[in-house]
Each structure stands twice: as structure tokens, then as C-alpha cells.
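Trainee: One structure, pasted below without further comment.
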Amino acid sequence: MYVCDRRNLFLFEVSVYSSLVCVFLGKGLVCVSSSQIIEVNLGDTILKIKALPREYQHTCKSTGLMLWESAQLIASVIAANPTIVAGKRVLELGCGCGGICSMVAVKSADLVVSTDGDIKALDLLTQNLATNLDPSSLDKLITRKLEWGNKEHIEAIKELNDRGFEIIIGTDVCYVGESISPLFATAKELILSSNECEEREPALILCHVLRRVDEPSILSTASQFSFQLVDKWPVGFPTGSSKSIISTWFSENAVDHIPTTALNIMYFERVK
């Protein structure tokens with residue numbers, strides 16, 4: 001995948017290797033000989049991620065055991081623009097087994113909390129973190145189980161950071177209609193209050209391919225939980241309220257170098 005910073009393009013490379021892993025497919029435990037070790041090259045960072053092959057996406061209930069394009073895009077964006085998370089507390093929702101956005105963010109952030117509702121994905125994530133991060137980064141990255149809307153899980157996250165998070169990231173978390181309300185409800189509980197932020201407003205950044213849930217449904221639900229869309233990509237946000245935030249992450253020809261134009265980035269802030 002090609003993604004750019006403000007100066008030039010760099011190559012986002014993915015190499016795939018085979019290994020053996022046992023996973024749950026449907027109701028049974030199956031050993032899959034073609035599981036992948038995915039080598040992700042982000043310029044000066046190379047991540048080796050153990051994940052289930054995408055060929056099982058229609059038979060495996062745990063989509064968090066796979067690495068998706070939206071996570072690769074946002075990881076690339078953060079790698080090229082570390083100021084997005086620099087000195088901030090970052091929460092990743094639905095990080096899956098890869099957690100590559102969290103791994104890149106922890107280099108610049110003060111704290112990163114990676115969450116998923118699937119314990120199998122979190123177990124594999126723990127292995128991937130140990131493979132890719134040094135002890136100093138591991139000290140700043142915490143993993144927790146978080147089912148959206150689960151009050152006990154939300155309170156456990158608040159105990160880790162009672163002030164809230166300046167940046168919340170979610171990649172490919174908007175593909176099931178029933179999960180959209182719990183997603184925004186959880187983000188509302190855990191994002192930093194607007195009046196506590198001295199610089200740019202706290203943000204919820206979502207990246208996804210639009211599937212069964214359309215954009216109007218996402219925006220309608222967001223507004224119910226006091227989130228306002230202030231920018232989006234690649235179409236842009238053609239109103240006077242646009243803050244032109246996302247465009248600063250890419251050069252003018254970036255879209256020409258991204259394999260799938262179906263990817264969308266939505267940048268939300270809390271309504272004051």
C-alpha cells in the first residue's frame with residue numbers, strides 16, 4: 001500500500017509467510033497450516049504480524065483474527081504524521097490481533113490502550129506485541145477486553161485513565177448495524193471532555209470500507225451521542241465547517257497510490 005506524508009510518498013509493503021496456528025472456525029477448533037505472518041513495512045518500522053488468512057473471513061466468526069486494509073491505512077497515516085498522537089492518550093477500539101495502529105502510535109503517545117471484545121484476538125495480539133515492541137513501548141501500551149456498551153469493561157478502562165482519551169481510533173468497526181450505537185456510546189464515555197482540552201479538540205477517527213452500514217446511518221447515530229463529523233476522506237467535507245484536518249495527512253496524489261478507493265476516513269469531535 002502506498003501512503004504519503006507531507007513531503008513524499010513511501011511504500012507500505014506487506015509480505016506474507018506461512019505458519020501453523022489453531023483457530024475457531026464456526027463451532028470447532030481447526031488447525032490451519034496456511035496461517036500468515038504478515039510483514040508490514042512502514043518506512044523505518046517493520047512489523048511482523050501473526051494473523052489468520054483473509055480467505056477465512058466468511059467462515060470464521062472472529063474477524064479480529066485477520067489484518068484489514070483500514071488498519072494498514074491508519075497505521076501508515078500515523079507513521080507518517082506522528083503529531084496526530086504525540087504526547088496524547090490514545091484508545092484503539094476493536095484493535096484485533098494485529099493492533100498495528102496502537103504499535104505505531106505508542107512510539108509518540110504518552111499512553112495507548114488497545115481493546116477488543118474477542119479474547120482470542122487479544123491473546124494473539126499479546127504475541128504480536130511481544131514480537132514487535134521493545135520494553136519501553138510495552139510499558140506504555142495496555143491491552144484490555146472491551147465489549148462496547150459493557151459498563152463493567154468501560155469502568156475498567158476509566159481506571160487506567162480517568163481523564164479520558166484525546167484520540168480514539170477504530171478501524172473496520174462499522175460493518176454491523178447493531179454495533180454502531182454501542183460503539184459511539186462507548187466512545188462518548190471514554191473520550192476526553194472538550195473543556196479539558198487545551199489544544200485541538202479530542203477526536204474519534206474511524207476508517208472503514210462501507211458495507212452493510214451506510215454513511216447516513218453512521219452520522220445519525222453519531223449525532224445521538226454528541227459526535228459531529230468535522231472532516232472526511234477521500235471525498236472531503238464540502239461545508240464551511242470543514243477544518244481540513246485529514247487533507248494535511250496526505251499529499252495531493254496520495255489517493256492515486258492507495259489500492260482500494262473504497263476506504264473512508266471519518267473524523268469526529270464532540271459537540272460542545
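Following the order of the C-alpha cells, first chain is A, next is B, and so on, with residues numbered from 1 inside each chain and ligands from 1 in the order they appear.
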Taking 2 positions as the minimum chain separation for residues in the same chain, which residues sit within 8 Å of A:Val271 when counting only C-alpha atoms? Answer as a ChimeraX atom specification.
Mentor: /A:226-228,269
Trainee: Closest to A:Gly117 among A:Ser179, A:Ile84, A:Leu47, A:Leu138, using only C-alpha atoms?
Mentor: A:Ser179
Trainee: Nearest residue to A:Ile205 out of A:Ile38, A:Ile78, A:Ala262, A:Ala185, using only C-alpha atoms?
Mentor: A:Ile78
Trainee: Hey, what's within 7 Å of stretch 181-184 of chain A if we count only C-alpha atoms and toss same-chain stuff fewer than 6 positions away? As a ChimeraX atom specification, please?
Mentor: /A:148-149,221-222,225
Trainee: How far is it from atom CA of A:Arg270 to atom CA of A:Leu73, in Å with one decimal?
Mentor: 23.8 Å
Trainee: Taking only C-alpha atoms into account, which of A:Lys88, A:Phe268, A:Ser247, A:Arg200 comes nearest A:Leu229?
Mentor: A:Phe268
Trainee: Given only C-alpha atoms as the basis, pick out the residue of A:Pro53, A:Gly170, A:Pro82, A:Gly43 nearest to A:Leu204.
Mentor: A:Gly170
Trainee: Out of stretch 148-214 of chain A, which residues get strand (DSSP E or B) from DSSP, as a ChimeraX atom specification?
Mentor: /A:165,167-171,191,203-209
Trainee: Go ahead and write the residues just picked, N, CA, C and O atoms, as an mmCIF file, in the first residue's frame.
Mentor:
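Output contents, as saved in result-v3.cif:
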data_model
loop_
_atom_site.group_PDB
_atom_site.id
_atom_site.type_symbol
_atom_site.label_atom_id
_atom_site.label_comp_id
_atom_site.auth_asym_id
_atom_site.auth_seq_id
_atom_site.Cartn_x
_atom_site.Cartn_y
_atom_site.Cartn_z
ATOM 1 N N PHE A 165 -9.531 10.046 26.819
ATOM 2 C CA PHE A 165 -8.540 9.924 25.760
ATOM 3 C C PHE A 165 -8.684 11.067 24.762
ATOM 4 O O PHE A 165 -9.790 11.410 24.347
ATOM 5 N N ILE A 167 -7.385 10.918 21.689
ATOM 6 C CA ILE A 167 -7.596 10.301 20.376
ATOM 7 C C ILE A 167 -8.178 8.903 20.573
ATOM 8 O O ILE A 167 -7.634 8.089 21.324
ATOM 9 N N ILE A 168 -9.276 8.618 19.890
ATOM 10 C CA ILE A 168 -9.848 7.269 19.848
ATOM 11 C C ILE A 168 -9.861 6.821 18.394
ATOM 12 O O ILE A 168 -10.311 7.561 17.514
ATOM 13 N N ILE A 169 -9.353 5.626 18.149
ATOM 14 C CA ILE A 169 -9.231 5.088 16.789
ATOM 15 C C ILE A 169 -10.066 3.824 16.663
ATOM 16 O O ILE A 169 -10.068 2.969 17.550
ATOM 17 N N GLY A 170 -10.763 3.694 15.538
ATOM 18 C CA GLY A 170 -11.486 2.467 15.236
ATOM 19 C C GLY A 170 -11.361 2.157 13.753
ATOM 20 O O GLY A 170 -11.708 2.989 12.918
ATOM 21 N N THR A 171 -10.833 0.996 13.411
ATOM 22 C CA THR A 171 -10.686 0.622 12.003
ATOM 23 C C THR A 171 -11.545 -0.610 11.702
ATOM 24 O O THR A 171 -11.481 -1.597 12.411
ATOM 25 N N ILE A 191 -13.910 9.359 25.775
ATOM 26 C CA ILE A 191 -13.170 10.454 25.158
ATOM 27 C C ILE A 191 -12.993 11.582 26.170
ATOM 28 O O ILE A 191 -13.815 11.776 27.069
ATOM 29 N N ALA A 203 -10.634 13.696 19.473
ATOM 30 C CA ALA A 203 -11.197 13.212 18.209
ATOM 31 C C ALA A 203 -11.425 11.712 18.232
ATOM 32 O O ALA A 203 -10.673 10.954 18.865
ATOM 33 N N LEU A 204 -12.462 11.311 17.517
ATOM 34 C CA LEU A 204 -12.737 9.905 17.206
ATOM 35 C C LEU A 204 -12.472 9.728 15.722
ATOM 36 O O LEU A 204 -13.124 10.367 14.892
ATOM 37 N N ILE A 205 -11.511 8.878 15.375
ATOM 38 C CA ILE A 205 -11.122 8.663 13.985
ATOM 39 C C ILE A 205 -11.531 7.260 13.571
ATOM 40 O O ILE A 205 -11.057 6.275 14.144
ATOM 41 N N LEU A 206 -12.417 7.172 12.590
ATOM 42 C CA LEU A 206 -12.885 5.882 12.090
ATOM 43 C C LEU A 206 -12.424 5.695 10.651
ATOM 44 O O LEU A 206 -12.470 6.632 9.850
ATOM 45 N N CYS A 207 -11.998 4.487 10.336
ATOM 46 C CA CYS A 207 -11.609 4.158 8.969
ATOM 47 C C CYS A 207 -12.241 2.827 8.607
ATOM 48 O O CYS A 207 -12.179 1.867 9.392
ATOM 49 N N HIS A 208 -12.845 2.757 7.424
ATOM 50 C CA HIS A 208 -13.572 1.543 7.066
ATOM 51 C C HIS A 208 -13.923 1.539 5.587
ATOM 52 O O HIS A 208 -13.834 2.557 4.901
ATOM 53 N N VAL A 209 -14.322 0.385 5.127
ATOM 54 C CA VAL A 209 -14.987 0.244 3.834
ATOM 55 C C VAL A 209 -16.477 0.151 4.121
ATOM 56 O O VAL A 209 -16.905 -0.666 4.945
#
Trainee: If we count only C-alpha atoms and set the cut-off at 8 Å, which residues sit around A:Cys95, ignoring sequence neighbours fewer than 5 positions away in its own chain? Please answer as a list in words.
Mentor: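 Selected residues are Gly64, Ile100, Cys101, Ser102, Ser114, Thr115, Asp116, Gly170 and Thr171 of chain A.
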Trainee: What parts of stretch 47-262 of chain A does DSSP call helix (DSSP H, G or I)? I'd like the answer as number ranges by chain.
Mentor: A: 54-56, 63-65, 69-80, 82-84, 100-105, 119-132, 135-138, 151-160, 177-190, 194-196, 215-224, 246-249, 254-257
